[in-house]
$ cat target-v8.txt   # compact mmCIF, C-alpha atoms and all ligand atoms
# COMPACT_ATOMS: atom_id res chain seq x y z
CA MET J 359 2.39 -27.98 -23.32
CA ILE J 360 2.01 -24.29 -22.70
CA ASP J 361 4.53 -21.96 -24.32
CA TRP J 362 5.15 -19.71 -21.32
CA GLN J 363 7.28 -17.22 -23.19
CA ALA J 364 4.36 -16.55 -25.56
CA VAL J 365 1.69 -16.69 -22.86
CA SER J 366 3.43 -14.28 -20.51
CA GLU J 367 4.02 -11.94 -23.48
CA GLU J 368 0.30 -12.07 -24.22
CA ALA J 369 -0.56 -11.43 -20.56
CA LEU J 370 1.85 -8.46 -20.53
CA GLY J 371 -0.06 -7.04 -23.50
CA TYR J 372 -3.38 -7.19 -21.63
CA PHE J 373 -1.72 -5.75 -18.55
CA LYS J 374 -0.31 -2.76 -20.43
CA ASP J 375 -3.66 -2.12 -22.12
CA LEU J 376 -5.36 -2.12 -18.71
CA LEU J 377 -2.82 0.34 -17.26
CA ARG J 378 -3.66 2.80 -20.06
CA PHE J 379 -7.28 3.11 -18.94
CA GLU J 380 -7.42 6.01 -16.47
CA THR J 381 -9.61 4.49 -13.80
CA VAL J 382 -8.68 6.86 -10.97
CA ASN J 383 -11.30 6.68 -8.25
CA PRO J 384 -13.00 9.09 -7.85
CA PRO J 385 -14.63 9.09 -10.36
CA GLY J 386 -13.51 5.54 -11.27
CA ASN J 387 -15.03 5.35 -14.73
CA GLU J 388 -14.24 1.64 -14.93
CA ARG J 389 -16.66 0.94 -17.79
CA PRO J 390 -14.18 1.23 -20.70
CA ALA J 391 -11.75 -1.14 -18.95
CA ALA J 392 -14.55 -3.62 -18.19
CA GLU J 393 -15.71 -3.44 -21.83
CA TYR J 394 -12.16 -4.13 -22.97
CA LEU J 395 -12.03 -7.30 -20.85
CA ALA J 396 -15.42 -8.37 -22.18
CA ARG J 397 -14.13 -8.01 -25.76
CA VAL J 398 -11.04 -10.11 -25.06
CA LEU J 399 -13.15 -12.83 -23.42
CA ALA J 400 -15.77 -12.74 -26.19
CA ARG J 401 -13.10 -13.36 -28.85
CA GLU J 402 -12.54 -16.75 -27.27
CA GLY J 403 -16.15 -17.58 -26.67
CA ILE J 404 -16.39 -16.61 -23.01
CA GLU J 405 -19.48 -14.61 -22.28
CA ALA J 406 -19.29 -11.85 -19.70
CA ARG J 407 -21.86 -9.68 -17.99
CA LEU J 408 -21.33 -6.04 -17.19
CA ILE J 409 -23.13 -4.86 -14.09
CA GLU J 410 -23.37 -1.12 -13.56
CA SER J 411 -24.02 0.19 -10.05
CA GLU J 412 -24.32 3.67 -11.56
CA PRO J 413 -23.47 5.14 -14.98
CA GLY J 414 -19.83 4.44 -15.81
CA ARG J 415 -19.21 2.26 -12.75
CA ALA J 416 -19.21 -1.15 -14.39
CA SER J 417 -18.04 -4.47 -12.97
CA LEU J 418 -17.51 -7.53 -15.17
CA VAL J 419 -18.45 -11.09 -14.23
CA ALA J 420 -17.62 -14.13 -16.37
CA ARG J 421 -17.79 -17.84 -15.63
CA LEU J 422 -16.24 -21.05 -16.86
CA LYS J 423 -18.50 -23.96 -16.04
CA GLY J 424 -17.10 -26.91 -14.14
CA SER J 425 -18.63 -30.25 -13.38
CA GLY J 426 -20.42 -28.56 -10.52
CA GLY J 427 -19.45 -31.03 -7.85
CA LYS J 428 -17.88 -28.39 -5.62
CA GLY J 429 -18.39 -24.72 -4.80
CA PRO J 430 -16.94 -22.18 -7.28
CA LEU J 431 -13.60 -20.40 -7.06
CA LEU J 432 -13.81 -16.67 -7.77
CA LEU J 433 -10.87 -14.61 -9.04
CA ASN J 434 -11.35 -10.99 -8.01
CA GLY J 435 -9.56 -7.92 -9.29
CA HIS J 436 -10.53 -4.30 -8.91
CA LEU J 437 -10.22 -2.04 -11.94
CA ASP J 438 -10.07 1.29 -10.15
CA VAL J 439 -6.85 2.89 -8.93
CA VAL J 440 -5.92 5.63 -6.46
CA PRO J 441 -5.05 9.16 -7.67
CA VAL J 442 -1.54 10.16 -8.79
CA ASP J 443 0.74 13.09 -8.08
CA ARG J 444 1.97 13.43 -11.65
CA ASP J 445 4.92 15.70 -10.73
CA GLN J 446 6.38 12.96 -8.57
CA TRP J 447 6.44 10.29 -11.29
CA LEU J 448 9.51 9.51 -13.40
CA HIS J 449 7.28 8.01 -16.11
CA ASP J 450 3.75 8.76 -17.27
CA PRO J 451 1.50 6.86 -14.80
CA PHE J 452 -0.95 5.89 -17.56
CA ALA J 453 1.37 4.98 -20.44
CA ALA J 454 2.57 1.55 -19.24
CA GLU J 455 6.18 2.45 -20.12
CA GLU J 456 8.86 -0.16 -19.76
CA ALA J 457 12.09 1.05 -18.15
CA GLU J 458 14.73 -0.42 -15.85
CA GLY J 459 13.22 -3.86 -16.19
CA CYS J 460 9.83 -2.70 -14.89
CA ILE J 461 6.42 -1.71 -16.24
CA TRP J 462 5.49 1.62 -14.69
CA GLY J 463 1.98 2.78 -14.03
CA ARG J 464 -0.73 3.41 -11.49
CA GLY J 465 -2.25 -0.01 -10.85
CA ALA J 466 0.93 -1.95 -11.74
CA ILE J 467 0.84 -3.65 -8.33
CA ASP J 468 -2.58 -2.55 -7.06
CA MET J 469 -3.95 -4.42 -8.94
CA LYS J 470 -4.20 -4.49 -12.72
CA ASN J 471 -1.36 -7.02 -12.67
CA MET J 472 -3.66 -9.54 -11.07
CA VAL J 473 -6.60 -8.60 -13.31
CA ALA J 474 -4.39 -9.49 -16.30
CA MET J 475 -3.28 -12.75 -14.64
CA ALA J 476 -6.86 -13.76 -13.89
CA LEU J 477 -7.89 -12.91 -17.45
CA MET J 478 -5.00 -14.98 -18.85
CA THR J 479 -5.96 -17.87 -16.57
CA MET J 480 -9.54 -17.82 -17.85
CA LEU J 481 -8.36 -17.78 -21.47
CA LEU J 482 -5.83 -20.59 -21.01
CA LEU J 483 -8.26 -22.87 -19.20
CA LYS J 484 -10.77 -22.32 -21.98
CA ARG J 485 -8.21 -22.90 -24.74
CA THR J 486 -6.79 -26.05 -23.21
CA GLY J 487 -10.24 -27.44 -22.48
CA ALA J 488 -9.11 -28.27 -18.95
CA ARG J 489 -11.49 -30.37 -16.88
CA LEU J 490 -12.75 -28.28 -13.94
CA ASP J 491 -14.26 -29.85 -10.88
CA ARG J 492 -15.93 -26.55 -9.97
CA ASP J 493 -16.94 -23.31 -11.69
CA LEU J 494 -14.35 -20.59 -12.10
CA ILE J 495 -15.72 -17.05 -11.80
CA PHE J 496 -13.81 -13.94 -12.88
CA ALA J 497 -14.96 -10.68 -11.30
CA ALA J 498 -13.25 -7.45 -12.41
CA VAL J 499 -14.88 -4.86 -10.24
CA ALA J 500 -15.28 -1.13 -9.71
CA ASP J 501 -14.78 1.00 -6.64
CA GLU J 502 -12.54 -0.98 -4.29
CA GLU J 503 -10.44 2.06 -3.47
CA ALA J 504 -13.49 3.92 -2.15
CA GLY J 505 -14.80 1.04 -0.04
CA SER J 506 -16.31 -1.37 -2.63
CA THR J 507 -19.92 -0.15 -2.38
CA LYS J 508 -20.23 0.43 -6.13
CA GLY J 509 -18.30 -2.71 -7.05
CA ALA J 510 -17.89 -5.98 -5.14
CA LEU J 511 -20.40 -5.03 -2.46
CA HIS J 512 -22.95 -4.11 -5.11
CA LEU J 513 -22.50 -7.52 -6.75
CA VAL J 514 -22.78 -9.33 -3.42
CA GLU J 515 -25.91 -7.45 -2.40
CA LYS J 516 -27.73 -7.07 -5.73
CA HIS J 517 -26.48 -10.04 -7.78
CA PRO J 518 -25.38 -12.69 -5.28
CA GLU J 519 -26.18 -15.51 -7.72
CA LEU J 520 -23.38 -14.25 -9.99
CA VAL J 521 -20.65 -14.26 -7.36
CA ARG J 522 -21.62 -16.84 -4.75
CA CYS J 523 -18.61 -19.09 -4.30
CA GLU J 524 -16.66 -21.22 -1.89
CA TYR J 525 -13.27 -19.56 -2.39
CA VAL J 526 -11.89 -16.22 -3.51
CA LEU J 527 -8.41 -15.28 -4.70
CA ASN J 528 -7.84 -11.57 -4.37
CA GLU J 529 -5.10 -8.98 -3.86
CA VAL J 530 -2.33 -8.26 -1.31
CA GLY J 531 -0.32 -11.41 -0.88
CA GLY J 532 2.04 -13.68 -2.74
CA TYR J 533 4.88 -11.16 -3.20
CA THR J 534 8.47 -11.78 -2.15
CA LEU J 535 9.35 -10.45 1.28
CA HIS J 536 13.10 -10.57 1.86
CA ALA J 537 13.88 -11.31 5.50
CA GLY J 538 17.62 -11.60 5.99
CA SER J 539 18.67 -14.16 3.41
CA ALA J 540 15.24 -15.86 3.40
CA ARG J 541 12.43 -15.25 0.93
CA LEU J 542 9.01 -15.28 2.53
CA TYR J 543 5.72 -15.12 0.63
CA PRO J 544 3.01 -13.65 2.84
CA ILE J 545 -0.37 -15.10 1.92
CA GLN J 546 -3.18 -12.94 3.18
CA VAL J 547 -5.67 -14.97 5.23
CA SER J 548 -6.89 -12.23 7.55
CA GLU J 549 -8.01 -8.60 7.38
CA LYS J 550 -8.70 -6.10 10.11
CA GLY J 551 -12.22 -4.76 10.48
CA ILE J 552 -13.36 -1.16 10.44
CA CYS J 553 -15.34 1.00 12.80
CA TRP J 554 -15.54 4.49 11.36
CA PHE J 555 -17.13 6.82 13.85
CA GLU J 556 -17.95 10.42 14.61
CA LEU J 557 -17.28 12.19 17.88
CA VAL J 558 -19.51 15.10 18.77
CA ALA J 559 -18.40 17.64 21.38
CA GLU J 560 -21.00 19.93 22.87
CA GLY J 561 -20.32 23.13 24.74
CA GLU J 562 -21.57 26.65 25.37
CA PRO J 563 -21.75 29.07 22.47
CA GLY J 564 -20.19 32.47 23.04
CA HIS J 565 -18.23 35.40 21.71
CA GLY J 566 -14.66 34.72 20.67
CA SER J 567 -13.51 37.83 22.56
CA MET J 568 -14.38 36.20 25.88
CA PRO J 569 -12.84 32.70 26.20
CA HIS J 570 -14.63 30.28 28.51
CA PRO J 571 -13.78 26.74 29.58
CA ASN J 572 -16.82 25.03 28.00
CA ASN J 573 -15.60 25.45 24.39
CA ALA J 574 -16.64 22.51 22.14
CA VAL J 575 -13.64 23.03 19.85
CA VAL J 576 -11.17 22.77 22.73
CA LYS J 577 -12.90 19.70 24.16
CA LEU J 578 -12.87 17.98 20.80
CA ALA J 579 -9.24 18.88 20.23
CA LYS J 580 -8.24 17.19 23.50
CA ALA J 581 -10.03 14.00 22.50
CA VAL J 582 -8.44 14.06 19.05
CA VAL J 583 -4.97 14.45 20.55
CA ALA J 584 -5.64 11.57 22.94
CA LEU J 585 -6.86 9.27 20.14
CA GLY J 586 -3.96 10.21 17.92
CA SER J 587 -1.29 9.58 20.52
CA THR J 588 -2.50 6.73 22.78
CA LYS J 589 -1.72 3.10 22.02
CA MET J 590 -4.65 0.85 22.81
CA PRO J 591 -4.21 -2.62 24.39
CA LEU J 592 -2.39 -5.44 22.64
CA HIS J 593 -4.49 -8.16 20.93
CA VAL J 594 -2.28 -10.80 19.36
CA THR J 595 -4.07 -13.16 16.98
CA PRO J 596 -2.56 -16.56 16.11
CA VAL J 597 -1.97 -15.44 12.50
CA VAL J 598 0.01 -12.39 13.61
CA GLU J 599 1.94 -14.32 16.25
CA ASN J 600 2.96 -16.97 13.72
CA PHE J 601 3.92 -14.31 11.16
CA LEU J 602 6.11 -12.38 13.60
CA ARG J 603 7.79 -15.52 14.89
CA THR J 604 8.50 -16.63 11.31
CA MET J 605 9.94 -13.19 10.46
CA ALA J 606 12.06 -13.34 13.61
CA ALA J 607 13.38 -16.82 12.85
CA HIS J 608 14.83 -15.54 9.57
CA ALA J 609 15.93 -12.09 10.71
CA PRO J 610 19.51 -11.28 11.67
CA PRO J 611 20.23 -10.40 15.30
CA PRO J 612 19.16 -8.33 17.15
CA GLN J 613 15.73 -8.44 15.40
CA ARG J 614 15.69 -12.19 15.85
CA GLN J 615 15.60 -11.76 19.62
CA LEU J 616 13.59 -8.54 19.71
CA LEU J 617 10.66 -9.25 17.37
CA PRO J 618 9.04 -11.92 19.58
CA LEU J 619 9.10 -9.48 22.51
CA LEU J 620 6.49 -7.42 20.66
CA LEU J 621 4.02 -10.15 21.57
CA GLN J 622 4.43 -9.52 25.29
CA PRO J 623 2.10 -6.87 26.68
CA ARG J 624 4.60 -5.51 29.20
CA LEU J 625 7.44 -5.08 26.72
CA ALA J 626 5.60 -4.35 23.47
CA GLY J 627 5.07 -0.61 23.99
CA HIS J 628 8.65 0.10 24.95
CA LEU J 629 10.04 -2.00 22.13
CA LEU J 630 7.79 -0.37 19.56
CA SER J 631 9.06 3.07 20.62
CA LEU J 632 12.60 1.83 19.98
CA VAL J 633 11.67 0.58 16.51
CA GLU J 634 9.86 3.88 15.86
CA ARG J 635 13.09 5.81 16.31
CA GLN J 636 15.04 3.64 13.88
CA ASP J 637 12.43 2.69 11.30
CA PRO J 638 9.13 4.60 11.58
CA ALA J 639 7.51 2.82 8.61
CA ARG J 640 8.19 -0.57 10.12
CA ALA J 641 6.92 0.50 13.54
CA MET J 642 3.71 1.76 11.94
CA ALA J 643 3.11 -1.59 10.23
CA LEU J 644 3.86 -3.61 13.37
CA ASN J 645 1.68 -1.41 15.53
CA ALA J 646 -1.30 -1.84 13.19
CA MET J 647 -0.94 -5.64 13.36
CA LEU J 648 -1.04 -5.76 17.13
CA ARG J 649 -3.92 -3.60 18.29
CA ASN J 650 -7.11 -1.77 17.47
CA THR J 651 -6.18 1.66 16.15
CA THR J 652 -7.76 5.08 15.60
CA SER J 653 -6.77 7.77 13.12
CA PRO J 654 -8.68 11.05 13.40
CA THR J 655 -9.14 12.15 9.79
CA MET J 656 -11.87 14.82 9.51
CA LEU J 657 -12.77 17.85 11.61
CA GLU J 658 -15.69 20.21 11.47
CA ALA J 659 -16.57 23.13 13.73
CA GLY J 660 -17.58 26.75 13.65
CA ARG J 661 -18.64 29.15 10.91
CA LYS J 662 -17.11 32.45 12.00
CA VAL J 663 -13.78 33.17 13.56
CA ASN J 664 -15.31 35.32 16.34
CA VAL J 665 -18.05 32.88 17.39
CA ILE J 666 -17.45 29.97 19.77
CA PRO J 667 -19.62 27.20 18.32
CA SER J 668 -21.79 24.97 20.50
CA THR J 669 -20.74 21.78 18.70
CA ALA J 670 -17.62 20.38 17.08
CA ARG J 671 -17.26 17.09 15.23
CA ALA J 672 -14.44 14.74 14.32
CA GLN J 673 -14.53 11.66 12.15
CA VAL J 674 -12.21 8.87 13.13
CA ASP J 675 -10.99 5.87 11.13
CA GLY J 676 -11.07 3.01 13.61
CA ARG J 677 -9.60 -0.40 12.72
CA THR J 678 -10.31 -3.53 14.71
CA ILE J 679 -8.38 -6.73 15.23
CA PRO J 680 -10.33 -9.83 14.08
CA GLY J 681 -12.25 -11.21 17.04
CA GLN J 682 -12.84 -7.75 18.52
CA SER J 683 -16.45 -6.58 18.44
CA VAL J 684 -17.55 -2.97 17.99
CA GLU J 685 -18.45 -2.92 21.70
CA ASP J 686 -14.95 -4.11 22.64
CA PHE J 687 -13.47 -1.44 20.43
CA LEU J 688 -15.67 1.41 21.67
CA ARG J 689 -14.87 0.43 25.26
CA GLU J 690 -11.19 0.94 24.45
CA VAL J 691 -11.97 4.26 22.78
CA GLN J 692 -13.79 5.37 25.94
CA GLN J 693 -10.80 4.40 28.04
CA VAL J 694 -8.78 6.85 25.98
CA ILE J 695 -11.21 9.80 25.81
CA GLY J 696 -13.61 9.21 28.71
CA ARG J 697 -17.22 8.10 28.84
CA VAL J 698 -18.87 11.48 28.36
CA TRP J 699 -18.62 11.37 24.60
CA LYS J 700 -21.37 10.97 22.10
CA ILE J 701 -20.00 8.45 19.59
CA ASN J 702 -21.90 7.80 16.36
CA VAL J 703 -20.77 4.70 14.50
CA LEU J 704 -20.87 5.54 10.77
CA THR J 705 -19.75 2.28 9.13
CA GLN J 706 -18.63 -0.98 10.59
CA HIS J 707 -17.59 -4.47 9.61
CA ASP J 708 -15.70 -7.08 11.57
CA GLY J 709 -12.23 -8.33 10.75
CA THR J 710 -11.85 -11.72 9.11
CA VAL J 711 -9.66 -14.78 9.57
CA PHE J 712 -9.76 -17.69 7.15
CA PRO J 713 -8.14 -21.08 7.76
CA SER J 714 -4.78 -21.79 6.19
CA THR J 715 -5.49 -25.52 6.11
CA THR J 716 -7.68 -25.68 2.99
CA PRO J 717 -6.87 -27.44 -0.32
CA LEU J 718 -6.62 -24.01 -1.97
CA TYR J 719 -4.10 -22.75 0.56
CA GLU J 720 -2.09 -25.91 0.02
CA ALA J 721 -2.21 -25.42 -3.76
CA ILE J 722 -0.87 -21.88 -3.27
CA CYS J 723 2.05 -23.19 -1.20
CA ARG J 724 2.86 -25.87 -3.77
CA GLY J 725 2.80 -23.32 -6.60
CA ILE J 726 5.19 -20.95 -4.81
CA GLU J 727 7.56 -23.67 -3.69
CA ARG J 728 7.68 -25.15 -7.20
CA HIS J 729 8.66 -21.83 -8.76
CA ASP J 730 10.82 -20.41 -5.98
CA PRO J 731 12.42 -23.41 -4.32
CA GLY J 732 13.59 -22.80 -0.77
CA SER J 733 11.18 -19.93 -0.18
CA LEU J 734 8.53 -19.99 2.51
CA PRO J 735 4.83 -19.06 2.18
CA VAL J 736 3.44 -17.71 5.45
CA PRO J 737 -0.12 -16.68 6.39
CA TYR J 738 -0.52 -13.04 7.40
CA MET J 739 -3.00 -10.30 8.23
CA ILE J 740 -3.30 -6.94 6.49
CA PRO J 741 -4.21 -3.82 8.50
CA GLY J 742 -6.58 -2.62 5.78
CA PHE J 743 -9.39 -4.38 3.98
CA THR J 744 -10.05 -5.43 0.39
CA ASP J 745 -13.06 -6.59 -1.63
CA SER J 746 -12.69 -9.88 0.26
CA PHE J 747 -14.82 -8.56 3.12
CA ALA J 748 -17.73 -8.32 0.65
CA TYR J 749 -17.40 -11.92 -0.56
CA GLY J 750 -16.92 -13.01 3.05
CA LYS J 751 -20.54 -11.92 3.61
CA LEU J 752 -21.58 -14.75 1.27
CA GLY J 753 -19.55 -17.23 3.28
CA ALA J 754 -16.54 -17.44 0.96
CA ILE J 755 -13.02 -18.28 2.16
CA CYS J 756 -10.84 -15.47 0.82
CA TYR J 757 -7.10 -15.28 0.33
CA GLY J 758 -4.88 -12.46 -0.82
CA PHE J 759 -2.71 -14.05 -3.49
CA SER J 760 -1.50 -11.86 -6.33
CA PRO J 761 1.89 -13.43 -6.99
CA VAL J 762 4.87 -11.37 -8.04
CA ARG J 763 8.52 -12.12 -7.55
CA LEU J 764 10.42 -9.08 -6.30
CA GLY J 765 14.14 -8.55 -5.88
CA PRO J 766 15.48 -7.24 -2.55
CA ASP J 767 15.60 -3.66 -3.89
CA LEU J 768 11.84 -3.26 -4.49
CA GLN J 769 9.59 -3.07 -1.45
CA PHE J 770 6.03 -4.12 -2.13
CA THR J 771 4.58 -1.86 0.55
CA GLN J 772 6.28 1.23 -0.92
CA MET J 773 4.81 0.50 -4.37
CA TYR J 774 1.34 0.28 -2.93
CA HIS J 775 -0.43 3.63 -3.53
CA GLY J 776 3.06 5.19 -3.77
CA HIS J 777 4.65 7.38 -6.43
CA ASN J 778 6.29 5.47 -9.28
CA GLU J 779 4.27 2.30 -8.82
CA ARG J 780 5.85 -0.40 -10.98
CA ILE J 781 6.32 -4.10 -11.33
CA PRO J 782 9.37 -6.01 -12.57
CA VAL J 783 8.62 -7.59 -15.96
CA ASP J 784 10.22 -10.87 -14.86
CA GLY J 785 8.26 -10.84 -11.62
CA PHE J 786 5.04 -10.35 -13.56
CA ARG J 787 5.83 -13.20 -15.95
CA TRP J 788 6.69 -15.42 -12.98
CA GLY J 789 3.45 -14.48 -11.21
CA THR J 790 1.32 -15.15 -14.28
CA ARG J 791 2.57 -18.72 -14.45
CA VAL J 792 2.36 -19.39 -10.70
CA PHE J 793 -1.14 -17.97 -10.57
CA PHE J 794 -2.35 -20.04 -13.50
CA GLU J 795 -0.84 -23.26 -12.16
CA VAL J 796 -2.31 -22.77 -8.69
CA VAL J 797 -5.78 -22.23 -10.14
CA ARG J 798 -5.45 -25.09 -12.63
CA ASP J 799 -4.19 -27.56 -10.01
CA PHE J 800 -6.90 -26.58 -7.59
CA LEU J 801 -9.67 -26.87 -10.22
CA ALA J 802 -8.37 -30.24 -11.32
CA GLY J 803 -9.19 -31.57 -7.89
CA GLY J 804 -5.87 -30.80 -6.25
CA ALA J 805 -2.69 -32.54 -7.29
CA SER J 806 -1.90 -33.41 -3.70
ZN ZN J 901 -6.06 -2.84 -4.30
$ encode --input "target-v8.txt" --output "C-alpha cells" --more "lines below"
Ligand SMILES: [Zn+2]
Amino acid sequence: MIDWQAVSEEALGYFKDLLRFETVNPPGNERPAAEYLARVLAREGIEARLIESEPGRASLVARLKGSGGKGPLLLNGHLDVVPVDRDQWLHDPFAAEEAEGCIWGRGAIDMKNMVAMALMTMLLLKRTGARLDRDLIFAAVADEEAGSTKGALHLVEKHPELVRCEYVLNEVGGYTLHAGSARLYPIQVSEKGICWFELVAEGEPGHGSMPHPNNAVVKLAKAVVALGSTKMPLHVTPVVENFLRTMAAHAPPPQRQLLPLLLQPRLAGHLLSLVERQDPARAMALNAMLRNTTSPTMLEAGRKVNVIPSTARAQVDGRTIPGQSVEDFLREVQQVIGRVWKINVLTQHDGTVFPSTTPLYEAICRGIERHDPGSLPVPYMIPGFTDSFAYGKLGAICYGFSPVRLGPDLQFTQMYHGHNERIPVDGFRWGTRVFFEVVRDFLAGGAS
C-alpha cells in the first residue's frame, strides 16, 4: 500500500525545489534544474542522461525498462518558464511560498507541477518494483516557451532513439473546469498548427515632405488592420463540436441554447460579437477554437522620419485549425488582404488531432472518475501548441493531461502565464495520485 499523505508530501518537496530554480526563458538556463532531477533519480538507482542543445540548455531523459512488448509511454515536462512582472506578484515568484492554501510561483501550473508528478511516478514505480508492459520514459526538457527548438525538438531530431514512443502525456489538460454545477476535465487531444509569416509591402521611396499614394508603410498598415480585424471562415472540427456541445449541455440558460449556435456559419459571427461585449476573454477563446487566426505581432519599416521607405515588413502569427493546410490558410489570408502581397512563410507545422479511443485515454478517464466521482472528462483542442507537436513527428499519440483539482474560484486559464501563478496544495496532492495511478494502470496492461 502506498502512503499517499507521505508520498504527496515528498512530491510537494520536489515541486517547491523546482520552483526555486529561475528558469525564465530567455535565457532558460535549465541545466541546474535538470541536474537536480538527475540527482534525485540517481539516489534511487535510476540513471538519467542530460542532453545539452547549447551551453546551459539541458534536457533530461530517463527510462524505466518494461517487458518491451509494447511501445513506450513518455512523460514530458518542460523546465523553462515565462518571464514575470515582479511588481504584480503578491509573493516572490521564485520562493515557492505557501499562502491561502496554494503554492505560489512561476511554473506552479505551467508546468513544474507536472514535472514533479512525473518524477514522483518514476520513483514510485521503481520503489514498488511494478511490472511494466512497456518502457516508461521521463523527459524534462528545455525551451518549450520559445518554441521547443532547444528542448523537445532537439531531442526528437538529434536523439530520436531516446524519446521514440507510442504515447506521450504532456501539459494543458486534466484540470477542473466548472460549468454550471458540473465539473468537466478537458483532456487535450488536439492542438492548432502554426503558420508564422512575413508580409512585405513595396512602394516608391520619396521625401516625407511630399506624400504620395504609393507609400509602403501605408499599404502595410492597411493589410495589418485588415488581418487584425477580420474573422476568417469557420472550420469546426469534431473535437471542438463535441466540446462545445458538452459545455452547453451543462451550462445554465441562455448559454445552453446559445453555445451550439456558434457552430453554425451564419450565426456564429453575430453571436461571437454578443459574447465579446459581455465576456471578452471567453469570446477570444471561443474564436480561436473555431477558425484559423492571424495576429500581427512585429513591424519594421523606415530609418529616418523624413524618408518614405520603399519597403515595409510585418510578421504575423498565424494559427491553423487541424486539417487545414498552409495553402488553405494562405488562401484565406489572401481573401482578407488581396492577392498582390508577397508572403514569406517563416515557420510552419500542421495542427494535430489524436484519437480519444485509446487504452491510455480510457485509463485517464478511469483515473479522473475514480478520484472525482460524477465529473466528466472531455476531449478538447488548445489554440496554442506544446512540446507534443515535436513528439508527434515521431508518430506518438500525445495527450495533455497534467491533473489538478481546482475549486470554482481559480480559473486555470488565468493562472497560465498570468501574474500570481499558483496551485492549490490539495489540488496538487490530488493530481499527483491521479497521475501516478493512470500511468501505473496503463503500464500494467490496463485494468479495463
Ligand atoms: Zn507549458
$ closest_residue --input "target-v8.txt" --among "J:Thr710, J:Ser631, J:Thr669, J:Asn528" --to "ligand ZN 901 (chain J)" --atoms "only C-alpha atoms and all ligand atoms"
J:Asn528
$ residues_around --input "target-v8.txt" --residues "Ser760 (chain J)" --least-positions-apart "4" --cutoff "9 Å" --atoms "only C-alpha atoms" --output "number ranges by chain"
J: 467, 469, 471-472, 475, 527-533, 545, 789, 793
$ closest_residue --input "target-v8.txt" --among "J:Val398, J:Met568, J:Ala392, J:Ile740" --to "Asn645 (chain J)" --atoms "only C-alpha atoms"
J:Ile740
$ residues_near_ligand --input "target-v8.txt" --ligand "ligand ZN 901 (chain J)" --cutoff "7 Å" --atoms "all atoms listed in the file" --output "short mmCIF file (atom, residue, chain, number, x, y, z; two decimals) with C-alpha atoms, in the coordinates of the input"
data_model
loop_
_atom_site.label_atom_id
_atom_site.label_comp_id
_atom_site.auth_asym_id
_atom_site.auth_seq_id
_atom_site.Cartn_x
_atom_site.Cartn_y
_atom_site.Cartn_z
CA HIS J 436 -10.53 -4.30 -8.91
CA ASP J 468 -2.58 -2.55 -7.06
CA MET J 469 -3.95 -4.42 -8.94
CA GLU J 502 -12.54 -0.98 -4.29
CA GLU J 503 -10.44 2.06 -3.47
CA GLU J 529 -5.10 -8.98 -3.86
CA THR J 744 -10.05 -5.43 0.39
#
$ closest_residue --input "target-v8.txt" --among "J:Ala721, J:Ala606, J:Leu557, J:Leu629" --to "Val698 (chain J)" --atoms "all atoms listed in the file"
J:Leu557
$ residues_around --input "target-v8.txt" --residues "region 379-384 of chain J" --least-positions-apart "5" --cutoff "10 Å" --atoms "only C-alpha atoms" --output "NGL selection string"
:J and (374 or 389-392 or 394 or 415 or 437-442 or 451-454 or 464-465 or 500-504)
$ closest_residue --input "target-v8.txt" --among "J:Glu393, J:Glu549, J:Glu458, J:Asp745" --to "Leu511 (chain J)" --atoms "all atoms listed in the file"
J:Asp745
$ residues_around --input "target-v8.txt" --residues "Asp784 (chain J)" --least-positions-apart "2" --cutoff "9 Å" --atoms "only C-alpha atoms" --output "PyMOL selection string"
chain J and resi 459-460+762-764+781-782+786-789
$ closest_residue --input "target-v8.txt" --among "J:Leu616, J:Ile755, J:Val633, J:Val703" --to "Leu688 (chain J)" --atoms "all atoms listed in the file"
J:Val703
$ atom_distance --input "target-v8.txt" --atom1 "CA of Cys523 (chain J)" --atom2 "CA of Leu431 (chain J)"
5.9 Å
$ atom_distance --input "target-v8.txt" --atom1 "CA of Tyr738 (chain J)" --atom2 "CA of Thr771 (chain J)"
14.1 Å
$ atom_distance --input "target-v8.txt" --atom1 "CA of Phe555 (chain J)" --atom2 "CA of Ser506 (chain J)"
18.4 Å
$ residues_around --input "target-v8.txt" --residues "Arg671 (chain J)" --least-positions-apart "2" --cutoff "9 Å" --atoms "all atoms listed in the file" --output "VMD selection string"
chain J and resid 556 to 560 574 to 575 578 656 to 659 669 673
$ residues_around --input "target-v8.txt" --residues "Phe743 (chain J)" --least-positions-apart "3" --cutoff "12 Å" --atoms "all atoms listed in the file" --output "PyMOL selection string"
chain J and resi 502-506+528-530+546-553+677-680+706-711+739-740+746-750+756-758
$ write_last_selection --input "target-v8.txt" --atoms "C-alpha atoms" --output "compact mmCIF listing (two decimals), in the coordinates of the input"
# COMPACT_ATOMS: atom_id res chain seq x y z
CA GLU J 502 -12.54 -0.98 -4.29
CA GLU J 503 -10.44 2.06 -3.47
CA ALA J 504 -13.49 3.92 -2.15
CA GLY J 505 -14.80 1.04 -0.04
CA SER J 506 -16.31 -1.37 -2.63
CA ASN J 528 -7.84 -11.57 -4.37
CA GLU J 529 -5.10 -8.98 -3.86
CA VAL J 530 -2.33 -8.26 -1.31
CA GLN J 546 -3.18 -12.94 3.18
CA VAL J 547 -5.67 -14.97 5.23
CA SER J 548 -6.89 -12.23 7.55
CA GLU J 549 -8.01 -8.60 7.38
CA LYS J 550 -8.70 -6.10 10.11
CA GLY J 551 -12.22 -4.76 10.48
CA ILE J 552 -13.36 -1.16 10.44
CA CYS J 553 -15.34 1.00 12.80
CA ARG J 677 -9.60 -0.40 12.72
CA THR J 678 -10.31 -3.53 14.71
CA ILE J 679 -8.38 -6.73 15.23
CA PRO J 680 -10.33 -9.83 14.08
CA GLN J 706 -18.63 -0.98 10.59
CA HIS J 707 -17.59 -4.47 9.61
CA ASP J 708 -15.70 -7.08 11.57
CA GLY J 709 -12.23 -8.33 10.75
CA THR J 710 -11.85 -11.72 9.11
CA VAL J 711 -9.66 -14.78 9.57
CA MET J 739 -3.00 -10.30 8.23
CA ILE J 740 -3.30 -6.94 6.49
CA SER J 746 -12.69 -9.88 0.26
CA PHE J 747 -14.82 -8.56 3.12
CA ALA J 748 -17.73 -8.32 0.65
CA TYR J 749 -17.40 -11.92 -0.56
CA GLY J 750 -16.92 -13.01 3.05
CA CYS J 756 -10.84 -15.47 0.82
CA TYR J 757 -7.10 -15.28 0.33
CA GLY J 758 -4.88 -12.46 -0.82
$ closest_residue --input "target-v8.txt" --among "J:Ile360, J:Phe373, J:Pro735, J:Leu535" --to "Tyr719 (chain J)" --atoms "only C-alpha atoms"
J:Pro735
